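A short worksheet on the structure shown next.
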Amino acid sequence: YHDGAGSGFLASNAMWPEDKVAVIAVTNNDYASPDGVVARVASVVLKPNAAEERARAVLAGFQQATVDRSQFTDNGNAYLSDAVLADQKAGLAPYGALRVLDLSKESTRGGMKTRIWNLTMAHGKLMVIERGYPKGKLEQFLIVKGD
């Protein structure tokens with residue numbers, strides 16, 4: 001990855017050698033970042049990995065007020081009442097469809113894996129903080145407003 005920059009232009013170059021994919025975007029100004037263009041193209045061209053597929057599916061479940069409860073621990077499921085799911089559906093509706101899902105951070109602590117996802121929706125940005133067990137169930141899937 002490289003974010004070439006100079007007075008009067010910006011460029012972004014990202015490569016995924018294992019997929020034999022490279023995406024390059026350039027601008028003829030120095031105020032509009034091409035990084036979002038690279039992320040959107042990559043999200044269309046690259047096949048999602050298992051973690052991305054699950055995050056997309058869980059988000060879609062919240063948008064429809066239904067979740068696959070087998071993805072969550074008993075503790076996680078205890079918080080997912082019908083009222084909470086209805087609130088999630090109502091709160092997410094103004095944002096529209098998911099456009100880009102970008103993993104910004106991943107860490108493991110106390111036996112749990114935390115992933116922070118940046119979401120570009122049709123009408124705004126969100127962030128998801130996902131906590132769960134490696135190769136296991138989710139304990140939390142927190143959705144907050146993004147920058």
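Each chain in the structure tokens gets a letter, A, B, ..., in the order shown, and its residues are numbered from 1; ligands are numbered from 1 in order too.
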
### Task
Give me the residues within 10 Å of Lys105 in chain A as a list in words, counting only C-alpha atoms and dropping any in the same chain fewer than 5 places off.
Thr114, Arg115, Ile116, Trp117, Asn118 and Ile129 of chain A

### Query
Within 12 Å of Ala57 in chain A, counting only C-alpha atoms, which residues qualify if same-chain residues fewer than 2 places away don't, as a list of chain:residue names?
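Answer for this query is A:Pro48, A:Ala50, A:Ala51, A:Glu52, A:Glu53, A:Arg54, A:Ala55, A:Leu59, A:Ala60, A:Gly61, A:Phe62, A:Gln63, A:Gln64, A:Thr66, A:Val67, A:Asp68, A:Arg69, A:Gln71, A:Leu98, A:Leu101, A:Phe141.
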
### Task
Just the residues within 8 Å of Gly132 in chain A, please, counting only C-alpha atoms, with nothing from its chain fewer than 6 positions along; format it as a list of chain:residue names.
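Using only C-alpha atoms, the neighbours found are A:Met112, A:Lys113, A:Thr114, A:Leu138, A:Glu139, A:Gln140.
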
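Between Ile24 in chain A and the residues A:Gly96, A:Gly111, A:Gly36, A:Gly136, the shortest atom-to-atom distance, using only C-alpha atoms, involves A:Gly36.
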
#### Entry: 8 Å contact set for range 78-82 of chain A, only C-alpha atoms, chain neighbours under 4 positions out, as a PyMOL selection string
chain A and resi 65+74+86

Run DSSP on the backbone and grab whatever in range 18-60 of chain A lands in strand (DSSP E or B); send it over as a short mmCIF file (atom, residue, chain, number, x, y, z; two decimals) with all heavy atoms, in the first residue's frame.
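Written output follows (selection_2.cif):
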```cif
data_model
loop_
_atom_site.label_atom_id
_atom_site.label_comp_id
_atom_site.auth_asym_id
_atom_site.auth_seq_id
_atom_site.Cartn_x
_atom_site.Cartn_y
_atom_site.Cartn_z
N VAL A 21 -4.36 -8.89 -7.44
CA VAL A 21 -5.17 -7.69 -7.63
C VAL A 21 -4.39 -6.48 -7.14
O VAL A 21 -3.76 -6.52 -6.09
CB VAL A 21 -6.51 -7.80 -6.85
CG1 VAL A 21 -7.28 -6.49 -6.86
CG2 VAL A 21 -7.37 -8.91 -7.41
N ALA A 22 -4.46 -5.42 -7.91
CA ALA A 22 -3.93 -4.12 -7.50
C ALA A 22 -4.97 -3.07 -7.89
O ALA A 22 -5.60 -3.18 -8.94
CB ALA A 22 -2.61 -3.82 -8.17
N VAL A 23 -5.16 -2.10 -7.02
CA VAL A 23 -6.09 -1.01 -7.30
C VAL A 23 -5.33 0.30 -7.11
O VAL A 23 -4.70 0.51 -6.08
CB VAL A 23 -7.33 -1.05 -6.38
CG1 VAL A 23 -8.26 0.12 -6.67
CG2 VAL A 23 -8.07 -2.37 -6.51
N ILE A 24 -5.40 1.15 -8.12
CA ILE A 24 -4.73 2.44 -8.08
C ILE A 24 -5.77 3.51 -8.39
O ILE A 24 -6.54 3.37 -9.34
CB ILE A 24 -3.59 2.51 -9.12
CG1 ILE A 24 -2.56 1.41 -8.84
CG2 ILE A 24 -2.94 3.90 -9.11
CD1 ILE A 24 -1.59 1.21 -9.98
N ALA A 25 -5.76 4.57 -7.59
CA ALA A 25 -6.64 5.72 -7.85
C ALA A 25 -5.81 6.98 -7.72
O ALA A 25 -4.94 7.08 -6.86
CB ALA A 25 -7.80 5.73 -6.86
N VAL A 26 -6.06 7.93 -8.60
CA VAL A 26 -5.34 9.20 -8.57
C VAL A 26 -6.34 10.35 -8.65
O VAL A 26 -7.45 10.20 -9.17
CB VAL A 26 -4.31 9.32 -9.72
CG1 VAL A 26 -3.24 8.27 -9.60
CG2 VAL A 26 -4.99 9.21 -11.07
N THR A 27 -5.95 11.50 -8.10
CA THR A 27 -6.76 12.71 -8.21
C THR A 27 -5.88 13.83 -8.74
O THR A 27 -4.66 13.79 -8.62
CB THR A 27 -7.35 13.15 -6.85
OG1 THR A 27 -6.28 13.56 -6.00
CG2 THR A 27 -8.13 12.04 -6.19
#
```
